[in-house]
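The file input.pdb comes next; it holds PDB, C-alpha atoms and all ligand atoms.
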ATOM      1  CA  MET W   1     125.216 104.026  88.408
ATOM      2  CA  HIS W   2     126.055 102.661  91.800
ATOM      3  CA  TYR W   3     123.904 100.571  94.117
ATOM      4  CA  SER W   4     124.664  99.192  97.572
ATOM      5  CA  PHE W   5     122.861  96.573  99.602
ATOM      6  CA  ASP W   6     123.399  95.037 103.015
ATOM      7  CA  ILE W   7     123.291  91.296 103.505
ATOM      8  CA  GLU W   8     121.950  90.622 106.965
ATOM      9  CA  ARG W   9     123.532  87.935 109.071
ATOM     10  CA  GLY W  10     121.514  84.732 109.141
ATOM     11  CA  ASN W  11     118.550  86.280 107.344
ATOM     12  CA  PHE W  12     117.494  83.622 104.874
ATOM     13  CA  THR W  13     114.048  85.128 104.481
ATOM     14  CA  ASP W  14     115.429  88.257 102.933
ATOM     15  CA  ALA W  15     118.305  86.786 100.938
ATOM     16  CA  GLY W  16     117.834  87.579  97.279
ATOM     17  CA  HIS W  17     116.384  91.049  97.697
ATOM     18  CA  ALA W  18     119.474  92.651  96.163
ATOM     19  CA  SER W  19     119.351  90.363  93.139
ATOM     20  CA  ALA W  20     115.640  91.041  92.677
ATOM     21  CA  SER W  21     116.259  94.773  92.841
ATOM     22  CA  VAL W  22     119.149  94.608  90.348
ATOM     23  CA  LYS W  23     116.954  92.541  88.037
ATOM     24  CA  ARG W  24     114.276  95.244  88.052
ATOM     25  CA  THR W  25     116.857  97.961  87.344
ATOM     26  CA  LEU W  26     118.415  96.050  84.443
ATOM     27  CA  LYS W  27     114.974  95.462  82.942
ATOM     28  CA  GLN W  28     114.254  99.183  83.104
ATOM     29  CA  LEU W  29     117.579  99.806  81.375
ATOM     30  CA  ASN W  30     116.467  97.437  78.596
ATOM     31  CA  VAL W  31     119.422  95.133  79.059
ATOM     32  CA  GLU W  32     119.080  91.949  77.021
ATOM     33  CA  PRO W  33     117.123  89.219  78.913
ATOM     34  CA  ALA W  34     119.902  86.634  78.439
ATOM     35  CA  SER W  35     122.455  88.982  80.040
ATOM     36  CA  ILE W  36     120.058  89.842  82.856
ATOM     37  CA  LYS W  37     119.667  86.188  83.704
ATOM     38  CA  ARG W  38     123.436  85.581  83.806
ATOM     39  CA  ILE W  39     123.947  88.633  86.030
ATOM     40  CA  VAL W  40     121.186  87.952  88.527
ATOM     41  CA  VAL W  41     121.909  84.221  88.810
ATOM     42  CA  ALA W  42     125.540  84.995  89.677
ATOM     43  CA  LEU W  43     124.599  87.721  92.148
ATOM     44  CA  TYR W  44     121.912  85.611  93.778
ATOM     45  CA  GLU W  45     124.252  82.634  94.261
ATOM     46  CA  ALA W  46     126.830  84.955  95.846
ATOM     47  CA  GLU W  47     124.211  86.580  98.053
ATOM     48  CA  ILE W  48     123.011  83.182  99.256
ATOM     49  CA  ASN W  49     126.577  82.054  99.967
ATOM     50  CA  ALA W  50     127.185  85.137 102.118
ATOM     51  CA  VAL W  51     124.195  84.161 104.256
ATOM     52  CA  ALA W  52     124.645  80.388 104.123
ATOM     53  CA  HIS W  53     128.387  80.159 104.725
ATOM     54  CA  ALA W  54     129.282  83.536 106.291
ATOM     55  CA  TYR W  55     127.789  86.153 108.586
ATOM     56  CA  GLY W  56     126.371  88.518 106.017
ATOM     57  CA  GLY W  57     128.103  91.458 104.407
ATOM     58  CA  LYS W  58     127.722  94.045 101.712
ATOM     59  CA  ILE W  59     126.991  94.206  97.997
ATOM     60  CA  ASP W  60     128.204  96.930  95.658
ATOM     61  CA  VAL W  61     126.955  97.033  92.099
ATOM     62  CA  GLU W  62     128.302  99.384  89.450
ATOM     63  CA  ILE W  63     126.444  99.525  86.152
ATOM     64  CA  ASP W  64     128.061 101.126  83.108
ATOM     65  CA  PRO W  65     126.826 101.024  79.524
ATOM     66  CA  GLU W  66     129.430  98.393  78.669
ATOM     67  CA  LYS W  67     129.637  96.319  81.842
ATOM     68  CA  ILE W  68     128.319  95.523  85.271
ATOM     69  CA  VAL W  69     130.649  94.885  88.210
ATOM     70  CA  MET W  70     129.252  93.244  91.328
ATOM     71  CA  ILE W  71     131.263  93.024  94.537
ATOM     72  CA  VAL W  72     129.922  90.781  97.285
ATOM     73  CA  ALA W  73     132.009  91.088 100.430
ATOM     74  CA  ASP W  74     131.194  89.019 103.492
ATOM     75  CA  GLU W  75     132.468  88.687 107.016
ATOM     76  CA  GLY W  76     132.972  85.031 107.669
ATOM     77  CA  PRO W  77     135.226  82.017 107.930
ATOM     78  CA  GLY W  78     136.800  82.451 104.484
ATOM     79  CA  ILE W  79     137.313  79.601 102.018
ATOM     80  CA  PRO W  80     140.271  77.342 102.933
ATOM     81  CA  ASN W  81     140.576  75.758  99.495
ATOM     82  CA  VAL W  82     139.132  77.782  96.634
ATOM     83  CA  ASP W  83     139.844  75.132  93.979
ATOM     84  CA  LEU W  84     137.896  72.600  96.003
ATOM     85  CA  ALA W  85     135.071  75.072  96.601
ATOM     86  CA  MET W  86     134.866  75.659  92.836
ATOM     87  CA  THR W  87     134.361  71.931  92.222
ATOM     88  CA  GLU W  88     130.842  70.974  91.153
ATOM     89  CA  GLY W  89     129.079  69.108  93.929
ATOM     90  CA  TRP W  90     131.460  70.047  96.749
ATOM     91  CA  SER W  91     129.590  71.580  99.680
ATOM     92  CA  THR W  92     129.883  72.075 103.418
ATOM     93  CA  ALA W  93     126.326  73.432 103.720
ATOM     94  CA  SER W  94     124.674  72.899 107.103
ATOM     95  CA  PRO W  95     121.435  70.915 107.490
ATOM     96  CA  LYS W  96     119.573  74.216 107.918
ATOM     97  CA  VAL W  97     120.955  75.536 104.643
ATOM     98  CA  ARG W  98     120.047  72.270 102.895
ATOM     99  CA  GLU W  99     116.525  72.546 104.222
ATOM    100  CA  MET W 100     116.282  75.908 102.465
ATOM    101  CA  GLY W 101     117.069  74.227  99.137
ATOM    102  CA  PHE W 102     120.783  74.944  98.954
ATOM    103  CA  GLY W 103     123.910  72.841  99.303
ATOM    104  CA  ALA W 104     124.200  71.212  95.891
ATOM    105  CA  GLY W 105     127.734  72.545  95.605
ATOM    106  CA  MET W 106     126.759  74.251  92.364
ATOM    107  CA  GLY W 107     126.730  77.914  93.375
ATOM    108  CA  LEU W 108     130.345  78.891  92.701
ATOM    109  CA  PRO W 109     130.489  76.864  89.448
ATOM    110  CA  ASN W 110     127.246  78.614  88.402
ATOM    111  CA  ILE W 111     128.817  81.982  89.187
ATOM    112  CA  LYS W 112     131.911  81.107  87.164
ATOM    113  CA  LYS W 113     129.792  80.027  84.209
ATOM    114  CA  ASN W 114     127.589  83.109  84.219
ATOM    115  CA  THR W 115     130.247  85.802  84.587
ATOM    116  CA  ASP W 116     132.950  86.996  82.209
ATOM    117  CA  GLU W 117     135.395  87.632  85.038
ATOM    118  CA  LEU W 118     135.417  86.251  88.562
ATOM    119  CA  LYS W 119     137.897  87.135  91.279
ATOM    120  CA  ILE W 120     137.770  85.484  94.695
ATOM    121  CA  ASP W 121     139.676  87.099  97.563
ATOM    122  CA  THR W 122     139.396  85.163 100.762
ATOM    123  CA  LYS W 123     141.088  85.264 104.135
ATOM    124  CA  ILE W 124     140.593  82.605 106.778
ATOM    125  CA  GLY W 125     138.718  83.948 109.778
ATOM    126  CA  VAL W 126     138.072  87.301 108.090
ATOM    127  CA  GLY W 127     135.855  86.863 105.072
ATOM    128  CA  THR W 128     135.427  86.439 101.347
ATOM    129  CA  THR W 129     135.028  88.982  98.560
ATOM    130  CA  LEU W 130     133.750  88.011  95.140
ATOM    131  CA  THR W 131     134.241  90.458  92.282
ATOM    132  CA  MET W 132     132.083  89.502  89.319
ATOM    133  CA  THR W 133     132.058  91.250  85.959
ATOM    134  CA  VAL W 134     129.625  90.743  83.105
ATOM    135  CA  TYR W 135     130.043  92.656  79.831
ATOM    136  CA  LEU W 136     126.829  93.980  78.351
ATOM    137  CA  ASN W 137     125.816  93.827  74.681
ATOM    138  CA  ALA W 138     128.641  91.355  74.158
TER     139      ALA W 138
ATOM    140  CA  MET H   1     111.579  46.181  82.652
ATOM    141  CA  ASN H   2     111.570  47.382  79.100
ATOM    142  CA  SER H   3     113.326  50.715  79.425
ATOM    143  CA  SER H   4     113.561  51.141  75.658
ATOM    144  CA  ARG H   5     109.869  52.017  75.671
ATOM    145  CA  PHE H   6     110.703  55.178  77.565
ATOM    146  CA  VAL H   7     113.535  56.036  75.262
ATOM    147  CA  LEU H   8     111.229  55.578  72.265
ATOM    148  CA  TYR H   9     108.674  57.774  73.902
ATOM    149  CA  LEU H  10     111.122  60.538  74.757
ATOM    150  CA  TYR H  11     112.571  60.734  71.315
ATOM    151  CA  ASP H  12     109.367  60.090  69.408
ATOM    152  CA  LYS H  13     109.790  62.447  66.467
ATOM    153  CA  ASN H  14     106.090  63.136  66.262
ATOM    154  CA  GLN H  15     106.194  64.253  69.872
ATOM    155  CA  ILE H  16     109.019  66.686  69.246
ATOM    156  CA  ASP H  17     107.385  68.146  66.135
ATOM    157  CA  ASN H  18     103.989  68.421  67.812
ATOM    158  CA  PRO H  19     104.658  68.989  71.469
ATOM    159  CA  THR H  20     101.833  68.946  73.961
ATOM    160  CA  ILE H  21     101.063  72.516  74.879
ATOM    161  CA  MET H  22      99.265  73.282  78.098
ATOM    162  CA  LYS H  23      97.966  76.339  79.875
ATOM    163  CA  ILE H  24      97.876  76.965  83.610
ATOM    164  CA  LYS H  25      94.238  76.114  84.178
ATOM    165  CA  GLU H  26      94.495  72.753  82.391
ATOM    166  CA  ILE H  27      97.634  71.907  84.354
ATOM    167  CA  ALA H  28      96.029  72.835  87.680
ATOM    168  CA  LYS H  29      93.008  70.694  86.847
ATOM    169  CA  LEU H  30      95.154  67.631  86.091
ATOM    170  CA  LEU H  31      97.051  68.065  89.361
ATOM    171  CA  ASP H  32      94.012  68.807  91.496
ATOM    172  CA  GLY H  33      95.804  72.080  92.131
ATOM    173  CA  ARG H  34      95.047  75.528  93.476
ATOM    174  CA  ILE H  35      96.139  78.582  91.482
ATOM    175  CA  LEU H  36      97.728  81.421  93.478
ATOM    176  CA  GLY H  37     100.051  84.368  93.005
ATOM    177  CA  CYS H  38     100.206  86.229  89.693
ATOM    178  CA  GLN H  39      96.998  85.908  87.692
ATOM    179  CA  ASP H  40      98.413  87.307  84.433
ATOM    180  CA  ASN H  41      99.979  84.158  82.979
ATOM    181  CA  PHE H  42      96.868  82.248  81.959
ATOM    182  CA  GLU H  43      97.509  82.510  78.225
ATOM    183  CA  MET H  44     101.093  81.282  78.495
ATOM    184  CA  GLU H  45     101.811  77.948  76.845
ATOM    185  CA  PHE H  46     104.030  75.305  78.405
ATOM    186  CA  HIS H  47     105.451  72.162  76.865
ATOM    187  CA  LYS H  48     108.350  71.292  79.153
ATOM    188  CA  ALA H  49     108.882  70.793  82.876
ATOM    189  CA  PHE H  50     111.812  70.544  85.260
ATOM    190  CA  SER H  51     111.601  69.066  88.733
ATOM    191  CA  SER H  52     114.057  69.793  91.557
ATOM    192  CA  ASP H  53     114.363  70.652  95.225
ATOM    193  CA  LEU H  54     117.875  72.013  94.750
ATOM    194  CA  MET H  55     117.825  75.681  93.931
ATOM    195  CA  SER H  56     121.259  75.781  92.295
ATOM    196  CA  ASP H  57     120.009  73.065  89.938
ATOM    197  CA  VAL H  58     117.119  75.310  89.012
ATOM    198  CA  LEU H  59     119.472  78.233  88.414
ATOM    199  CA  LYS H  60     121.492  76.150  85.953
ATOM    200  CA  VAL H  61     118.804  75.576  83.350
ATOM    201  CA  SER H  62     116.794  77.716  80.966
ATOM    202  CA  PHE H  63     113.053  78.015  81.505
ATOM    203  CA  ASP H  64     111.489  78.919  78.156
ATOM    204  CA  ASP H  65     107.942  77.485  78.116
ATOM    205  CA  THR H  66     108.996  75.372  81.086
ATOM    206  CA  LEU H  67     107.228  74.603  84.357
ATOM    207  CA  LEU H  68     109.125  74.254  87.621
ATOM    208  CA  ILE H  69     107.969  71.408  89.872
ATOM    209  CA  THR H  70     109.303  71.491  93.432
ATOM    210  CA  GLY H  71     108.612  70.342  96.962
ATOM    211  CA  LEU H  72     110.530  73.264  98.393
ATOM    212  CA  CYS H  73     108.107  75.805  99.791
ATOM    213  CA  ASN H  74     109.769  78.962 101.134
ATOM    214  CA  ASN H  75     110.798  82.477 100.125
ATOM    215  CA  GLN H  76     113.870  81.186  98.343
ATOM    216  CA  THR H  77     111.669  79.098  96.053
ATOM    217  CA  MET H  78     110.145  82.355  94.819
ATOM    218  CA  ARG H  79     113.449  84.242  94.664
ATOM    219  CA  THR H  80     115.062  81.411  92.751
ATOM    220  CA  ALA H  81     112.115  81.216  90.361
ATOM    221  CA  ASP H  82     112.386  84.968  89.803
ATOM    222  CA  MET H  83     116.119  84.822  89.019
ATOM    223  CA  ALA H  84     115.672  81.779  86.777
ATOM    224  CA  ASP H  85     112.841  83.427  84.776
ATOM    225  CA  VAL H  86     110.317  80.804  85.861
ATOM    226  CA  SER H  87     106.686  81.862  85.292
ATOM    227  CA  VAL H  88     104.885  78.937  86.910
ATOM    228  CA  VAL H  89     105.949  77.058  90.035
ATOM    229  CA  ILE H  90     104.112  73.852  90.884
ATOM    230  CA  ILE H  91     104.509  73.168  94.603
ATOM    231  CA  GLY H  92     103.813  69.539  95.454
ATOM    232  CA  ARG H  93     103.441  67.445  98.606
ATOM    233  CA  ASP H  94     100.413  69.406  99.783
ATOM    234  CA  LYS H  95     102.492  72.341 100.984
ATOM    235  CA  ARG H  96     101.024  75.817 101.325
ATOM    236  CA  ALA H  97     102.648  79.032 100.183
ATOM    237  CA  ASP H  98     102.556  81.644 102.959
ATOM    238  CA  GLU H  99     101.657  85.334 102.667
ATOM    239  CA  GLU H 100     105.226  86.445 102.066
ATOM    240  CA  MET H 101     105.673  83.919  99.270
ATOM    241  CA  LEU H 102     102.450  85.054  97.625
ATOM    242  CA  GLU H 103     103.615  88.650  97.793
ATOM    243  CA  LEU H 104     106.962  87.739  96.229
ATOM    244  CA  ALA H 105     105.140  85.736  93.549
ATOM    245  CA  GLU H 106     102.884  88.649  92.667
ATOM    246  CA  ASP H 107     105.764  91.134  92.622
ATOM    247  CA  SER H 108     107.762  88.964  90.258
ATOM    248  CA  GLY H 109     104.925  87.800  88.016
ATOM    249  CA  ILE H 110     105.001  84.173  89.112
ATOM    250  CA  THR H 111     101.951  81.919  89.233
ATOM    251  CA  ILE H 112     101.898  79.203  91.892
ATOM    252  CA  ILE H 113     100.001  75.931  91.559
ATOM    253  CA  GLU H 114      99.721  74.079  94.875
ATOM    254  CA  SER H 115      99.094  70.377  94.402
ATOM    255  CA  PRO H 116      98.376  67.733  97.038
ATOM    256  CA  TYR H 117     100.287  65.123  95.008
ATOM    257  CA  SER H 118     103.850  63.881  95.468
ATOM    258  CA  LEU H 119     106.482  65.158  93.046
ATOM    259  CA  PHE H 120     106.641  61.722  91.460
ATOM    260  CA  LYS H 121     102.918  61.742  90.773
ATOM    261  CA  ILE H 122     102.933  65.316  89.462
ATOM    262  CA  SER H 123     105.856  64.537  87.166
ATOM    263  CA  GLY H 124     104.262  61.265  86.073
ATOM    264  CA  ILE H 125     100.953  62.878  85.217
ATOM    265  CA  LEU H 126     102.541  65.670  83.205
ATOM    266  CA  PHE H 127     104.926  63.273  81.480
ATOM    267  CA  SER H 128     102.071  60.956  80.539
ATOM    268  CA  VAL H 129     100.179  63.743  78.777
ATOM    269  CA  GLY H 130     103.289  64.621  76.775
ATOM    270  CA  ILE H 131     104.990  67.417  78.704
ATOM    271  CA  MET H 132     108.671  67.019  77.846
ATOM    272  CA  PRO H 133     111.708  66.904  80.131
ATOM    273  CA  LEU H 134     114.555  69.402  79.687
ATOM    274  CA  TYR H 135     117.067  66.567  79.434
TER     275      TYR H 135
HETATM  276  N1  LIG S 201     131.186  83.204 101.128
HETATM  277  C1  LIG S 201     131.683  82.033 101.567
HETATM  278  N2  LIG S 201     132.302  81.939 102.776
HETATM  279  C2  LIG S 201     132.790  80.759 103.202
HETATM  280  N3  LIG S 201     132.714  79.613 102.508
HETATM  281  C3  LIG S 201     132.116  79.641 101.305
HETATM  282  C4  LIG S 201     131.562  80.844 100.768
HETATM  283  N4  LIG S 201     131.045  80.573  99.554
HETATM  284  C5  LIG S 201     131.246  79.261  99.342
HETATM  285  N5  LIG S 201     131.890  78.686 100.372
HETATM  286  C6  LIG S 201     132.321  77.271 100.504
HETATM  287  O1  LIG S 201     132.369  76.699  99.218
HETATM  288  C7  LIG S 201     131.440  75.609  99.119
HETATM  289  C8  LIG S 201     130.856  75.564  97.719
HETATM  290  O2  LIG S 201     130.071  76.722  97.477
HETATM  291  P1  LIG S 201     128.922  76.636  96.378
HETATM  292  O3  LIG S 201     128.182  77.922  96.364
HETATM  293  O4  LIG S 201     129.531  76.184  95.102
HETATM  294  O5  LIG S 201     127.984  75.462  96.915
HETATM  295  P2  LIG S 201     126.975  75.463  98.146
HETATM  296  O6  LIG S 201     126.710  76.860  98.560
HETATM  297  O7  LIG S 201     127.509  74.551  99.178
HETATM  298  O8  LIG S 201     125.680  74.820  97.482
HETATM  299  P3  LIG S 201     124.744  75.534  96.361
HETATM  300  O9  LIG S 201     125.370  76.841  96.009
HETATM  301  O10 LIG S 201     124.696  74.585  95.227
HETATM  302  O11 LIG S 201     123.428  75.700  97.021
HETATM  303  C9  LIG S 201     130.442  75.856 100.223
HETATM  304  O12 LIG S 201     129.784  74.692 100.643
HETATM  305  C10 LIG S 201     131.339  76.447 101.309
HETATM  306  O13 LIG S 201     132.072  75.438 101.959
HETATM  307 MG    MG S 202     126.172  78.320  97.175
END
What's the structure tokens form of this structure?
Amino acid sequence: MHYSFDIERGNFTDAGHASASVKRTLKQLNVEPASIKRIVVALYEAEINAVAHAYGGKIDVEIDPEKIVMIVADEGPGIPNVDLAMTEGWSTASPKVREMGFGAGMGLPNIKKNTDELKIDTKIGVGTTLTMTVYLNA
Amino acid sequence: MNSSRFVLYLYDKNQIDNPTIMKIKEIAKLLDGRILGCQDNFEMEFHKAFSSDLMSDVLKVSFDDTLLITGLCNNQTMRTADMADVSVVIIGRDKRADEEMLELAEDSGITIIESPYSLFKISGILFSVGIMPLY
């Protein structure tokens, strides 16, 4: 099964709608609650990052019986130093983003922790694509 | 200050074996709170609470029988609570959830308790009646 969602530029009000929708679908598919939480936390953090640090983008989710693959591709500044960005507590979040409750520098580490595979492709001045895989019934 | 008193309290074996268990209406009463959002959680029992304004912090922990206390009052509070499997969000500092938040809360089965108290006071009250911290 394939699902696509748009992430609107600068739209903090709507951020998270894709994750909420995927959560509902996984519940209907009777996926284990612990796996659902890992999946939607990772997707939500990525969705927020695409709004907070980039100019929106697109989400593609592919659900198979054995795994779920989530691709979050944004148009944005890219990540100059991925190792640094992966460090707990490191954040360049703007005051506006902090006001919304983000900017702890925990999003990418959370994503890493909650996924079985994480690939980050990023190009300065172009954008960032996260490919996240979680195996089901593992 | 005798900080060991707190340590004794936290790790009081009797407390761990017989945790305080509270339901939404009792909690709201203690916090002078208003109950909004999903009205289906009234029989749920809570014995732990976690307080944060940082959403990634919230997404890091597990919320079994656990209340979320926050001063953050926007759509992302509700989205984060949904993703983190939070059933009850206590919003402090006399903030008001708007229509959109209430809709999100109802859609995702989340009950909101609005309290006029500061987060420190809310946490202190719940702690003093035996609601446990996550860590
Ligand atoms: N999609 C992205 N485009 C550009 N930069 C990004 C992107 N995602 C993350 N970053 C950079 O990496 C940093 C760390 O990201 P991370 O998600 O871990 O923390 P945060 O978003 O700053 O705060 P939190 O996720 O805890 O709310 C960000 O502050 C930002 O500088
Ligand atoms: Mg983030």
(message) Quick one: residues within 7 Å of stretch 67-78 of chain W, all atoms listed in the file, excluding same-chain residues fewer than 6 positions away - as a list in words?
(response)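 Listed by chain and then number, they are Ala46, Ala50, Ala54, Tyr55, Gly56, Gly57, Lys58, Ile59, Asp60, Val61, Thr122, Lys123, Ile124, Gly125, Val126, Gly127, Thr128, Thr129, Leu130, Thr131, Met132, Thr133, Val134, Tyr135 and Leu136 of chain W.
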(request) Spell out the residues picked by the PyMOL selection byres (((not hetatm)) within 7 of (chain S and resi 202)) here, as a count of residues only. (result) 10
Check which residues satisfy the ChimeraX specification (/W :<8) & /H in the file shown, then give them as a PDB file with C-alpha atoms, keeping the file's coordinate frame.
ATOM      1  CA  ASP H  53     114.363  70.652  95.225  1.00  0.00           C
ATOM      2  CA  LEU H  54     117.875  72.013  94.750  1.00  0.00           C
ATOM      3  CA  MET H  55     117.825  75.681  93.931  1.00  0.00           C
ATOM      4  CA  SER H  56     121.259  75.781  92.295  1.00  0.00           C
ATOM      5  CA  ASP H  57     120.009  73.065  89.938  1.00  0.00           C
ATOM      6  CA  LEU H  59     119.472  78.233  88.414  1.00  0.00           C
ATOM      7  CA  LYS H  60     121.492  76.150  85.953  1.00  0.00           C
ATOM      8  CA  LEU H  72     110.530  73.264  98.393  1.00  0.00           C
ATOM      9  CA  ASN H  74     109.769  78.962 101.134  1.00  0.00           C
ATOM     10  CA  ASN H  75     110.798  82.477 100.125  1.00  0.00           C
ATOM     11  CA  GLN H  76     113.870  81.186  98.343  1.00  0.00           C
ATOM     12  CA  THR H  77     111.669  79.098  96.053  1.00  0.00           C
ATOM     13  CA  ARG H  79     113.449  84.242  94.664  1.00  0.00           C
ATOM     14  CA  ASP H  82     112.386  84.968  89.803  1.00  0.00           C
ATOM     15  CA  MET H  83     116.119  84.822  89.019  1.00  0.00           C
ATOM     16  CA  ALA H  84     115.672  81.779  86.777  1.00  0.00           C
ATOM     17  CA  ASP H  85     112.841  83.427  84.776  1.00  0.00           C
TER      18      ASP H  85
END
(request) Report the distance between atom CA of W:His2 and atom CA of W:Glu66 in Å, rounded to one decimal place. (result)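 Value for the atom CA of W:His2-atom CA of W:Glu66 distance: 14.2 Å.
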(request) For atom CA of W:Val51 and atom CA of W:Ser94, quote the distance in Å rounded to one decimal. (result) 11.6 Å
(request) Pick out the closest residue to H:Tyr135 from this set: H:Ile24, H:Leu36, H:Ala49, H:Met44. Count only C-alpha atoms. (result)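 Closest to H:Tyr135, using only C-alpha atoms: H:Ala49.
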(message) Could you check the closest approach to ligand LIG 201 (chain S) for each of H:Ile69, H:Val58, H:Ala28, H:Leu104 and tell me which residue wins, using all atoms listed in the file?
(response)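 For ligand LIG 201 (chain S), the nearest of the candidates is H:Val58.
Considering the residues W:Thr92, W:Ser21, W:Asn137, W:Thr115 and counting all atoms listed in the file, ligand LIG 201 (chain S) has its shortest atom-to-atom contact with W:Thr92.
Note that the spacing between atom CA of H:Phe42 and atom CA of H:Ile110 amounts to 11.0 Å.
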(request) For each of H:Glu43, H:Thr80, H:Pro19, H:Lys48, take the minimum atom-to-atom distance to ligand LIG 201 (chain S), counting only C-alpha atoms and all ligand atoms, then give the residue where this is smallest. (result)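 Nearest candidate to ligand LIG 201 (chain S) out of H:Glu43, H:Thr80, H:Pro19, H:Lys48: H:Thr80.
Using all atoms listed in the file, the nearest neighbour of H:Gly124 within the list H:Met101, H:Ile21, H:Val89, H:Leu31 is H:Leu31.
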(message) Which residues are close to stretch 93-100 of chain H, i.e. within 10 Å by all atoms listed in the file, leaving aside same-chain residues fewer than 4 positions away? Reply as a ChimeraX atom specification.
(response) /W:13 /H:33-34,36-37,70-75,77-78,104-106,112-122
Could the centre and edge lengths of an axis-aligned box, enclosing all atoms of ligand LIG 201 (chain S) in the file with 6 Å extra on each side, be given in Å to one decimal as JSON?
{"center_x": 128.1, "center_y": 78.9, "center_z": 99.2, "size_x": 21.4, "size_y": 20.7, "size_z": 20.1}
(message) Please determine, counting all atoms listed in the file, which residue among W:Leu26, W:Ile7, W:Met1, W:Ile63 has the shortest atom-to-atom distance to ligand LIG 201 (chain S).
(response)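 Under the stated criterion, the closest residue is W:Ile7.
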Show me the residues around (111.3, 71.5, 87.1) - criterion: an atom at most 6 Å away, all atoms listed in the file counted - as a PDB file with C-alpha atoms, in the coordinates of the input.
ATOM      1  CA  ALA H  49     108.882  70.793  82.876  1.00  0.00           C
ATOM      2  CA  PHE H  50     111.812  70.544  85.260  1.00  0.00           C
ATOM      3  CA  SER H  51     111.601  69.066  88.733  1.00  0.00           C
ATOM      4  CA  SER H  52     114.057  69.793  91.557  1.00  0.00           C
ATOM      5  CA  LEU H  67     107.228  74.603  84.357  1.00  0.00           C
ATOM      6  CA  LEU H  68     109.125  74.254  87.621  1.00  0.00           C
ATOM      7  CA  ILE H  69     107.969  71.408  89.872  1.00  0.00           C
TER       8      ILE H  69
END
Hey, could you patch up stretch 26-37 of chain H with N, CA, C and O atoms and hand it over as a PDB file, keeping the file's coordinate frame?
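That gives us result-v3.pdb:
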ATOM      1  N   GLU H  26      94.539  74.187  82.709  1.00  0.00           N
ATOM      2  CA  GLU H  26      94.495  72.753  82.391  1.00  0.00           C
ATOM      3  C   GLU H  26      95.448  71.982  83.302  1.00  0.00           C
ATOM      4  O   GLU H  26      95.128  70.890  83.781  1.00  0.00           O
ATOM      5  N   ILE H  27      96.623  72.572  83.518  1.00  0.00           N
ATOM      6  CA  ILE H  27      97.634  71.907  84.354  1.00  0.00           C
ATOM      7  C   ILE H  27      97.098  71.766  85.781  1.00  0.00           C
ATOM      8  O   ILE H  27      97.156  70.688  86.386  1.00  0.00           O
ATOM      9  N   ALA H  28      96.544  72.850  86.307  1.00  0.00           N
ATOM     10  CA  ALA H  28      96.029  72.835  87.680  1.00  0.00           C
ATOM     11  C   ALA H  28      94.932  71.783  87.818  1.00  0.00           C
ATOM     12  O   ALA H  28      94.860  71.071  88.829  1.00  0.00           O
ATOM     13  N   LYS H  29      94.107  71.658  86.795  1.00  0.00           N
ATOM     14  CA  LYS H  29      93.008  70.694  86.847  1.00  0.00           C
ATOM     15  C   LYS H  29      93.552  69.264  86.933  1.00  0.00           C
ATOM     16  O   LYS H  29      93.124  68.466  87.771  1.00  0.00           O
ATOM     17  N   LEU H  30      94.548  68.973  86.094  1.00  0.00           N
ATOM     18  CA  LEU H  30      95.154  67.631  86.091  1.00  0.00           C
ATOM     19  C   LEU H  30      95.777  67.292  87.446  1.00  0.00           C
ATOM     20  O   LEU H  30      95.816  66.134  87.847  1.00  0.00           O
ATOM     21  N   LEU H  31      96.305  68.299  88.122  1.00  0.00           N
ATOM     22  CA  LEU H  31      97.051  68.065  89.361  1.00  0.00           C
ATOM     23  C   LEU H  31      96.209  68.323  90.602  1.00  0.00           C
ATOM     24  O   LEU H  31      96.729  68.361  91.714  1.00  0.00           O
ATOM     25  N   ASP H  32      94.904  68.507  90.390  1.00  0.00           N
ATOM     26  CA  ASP H  32      94.012  68.807  91.496  1.00  0.00           C
ATOM     27  C   ASP H  32      94.546  70.013  92.276  1.00  0.00           C
ATOM     28  O   ASP H  32      94.545  70.032  93.508  1.00  0.00           O
ATOM     29  N   GLY H  33      95.037  70.991  91.529  1.00  0.00           N
ATOM     30  CA  GLY H  33      95.804  72.080  92.131  1.00  0.00           C
ATOM     31  C   GLY H  33      95.022  73.360  92.347  1.00  0.00           C
ATOM     32  O   GLY H  33      93.932  73.551  91.812  1.00  0.00           O
ATOM     33  N   ARG H  34      95.607  74.228  93.162  1.00  0.00           N
ATOM     34  CA  ARG H  34      95.047  75.528  93.476  1.00  0.00           C
ATOM     35  C   ARG H  34      95.939  76.596  92.867  1.00  0.00           C
ATOM     36  O   ARG H  34      97.159  76.569  93.061  1.00  0.00           O
ATOM     37  N   ILE H  35      95.347  77.536  92.136  1.00  0.00           N
ATOM     38  CA  ILE H  35      96.139  78.582  91.482  1.00  0.00           C
ATOM     39  C   ILE H  35      96.238  79.816  92.375  1.00  0.00           C
ATOM     40  O   ILE H  35      95.226  80.346  92.819  1.00  0.00           O
ATOM     41  N   LEU H  36      97.485  80.265  92.612  1.00  0.00           N
ATOM     42  CA  LEU H  36      97.728  81.421  93.478  1.00  0.00           C
ATOM     43  C   LEU H  36      98.777  82.331  92.840  1.00  0.00           C
ATOM     44  O   LEU H  36      99.373  81.988  91.824  1.00  0.00           O
ATOM     45  N   GLY H  37      99.009  83.464  93.484  1.00  0.00           N
ATOM     46  CA  GLY H  37     100.051  84.368  93.005  1.00  0.00           C
ATOM     47  C   GLY H  37      99.581  85.161  91.800  1.00  0.00           C
ATOM     48  O   GLY H  37      98.417  85.533  91.703  1.00  0.00           O
TER      49      GLY H  37
END
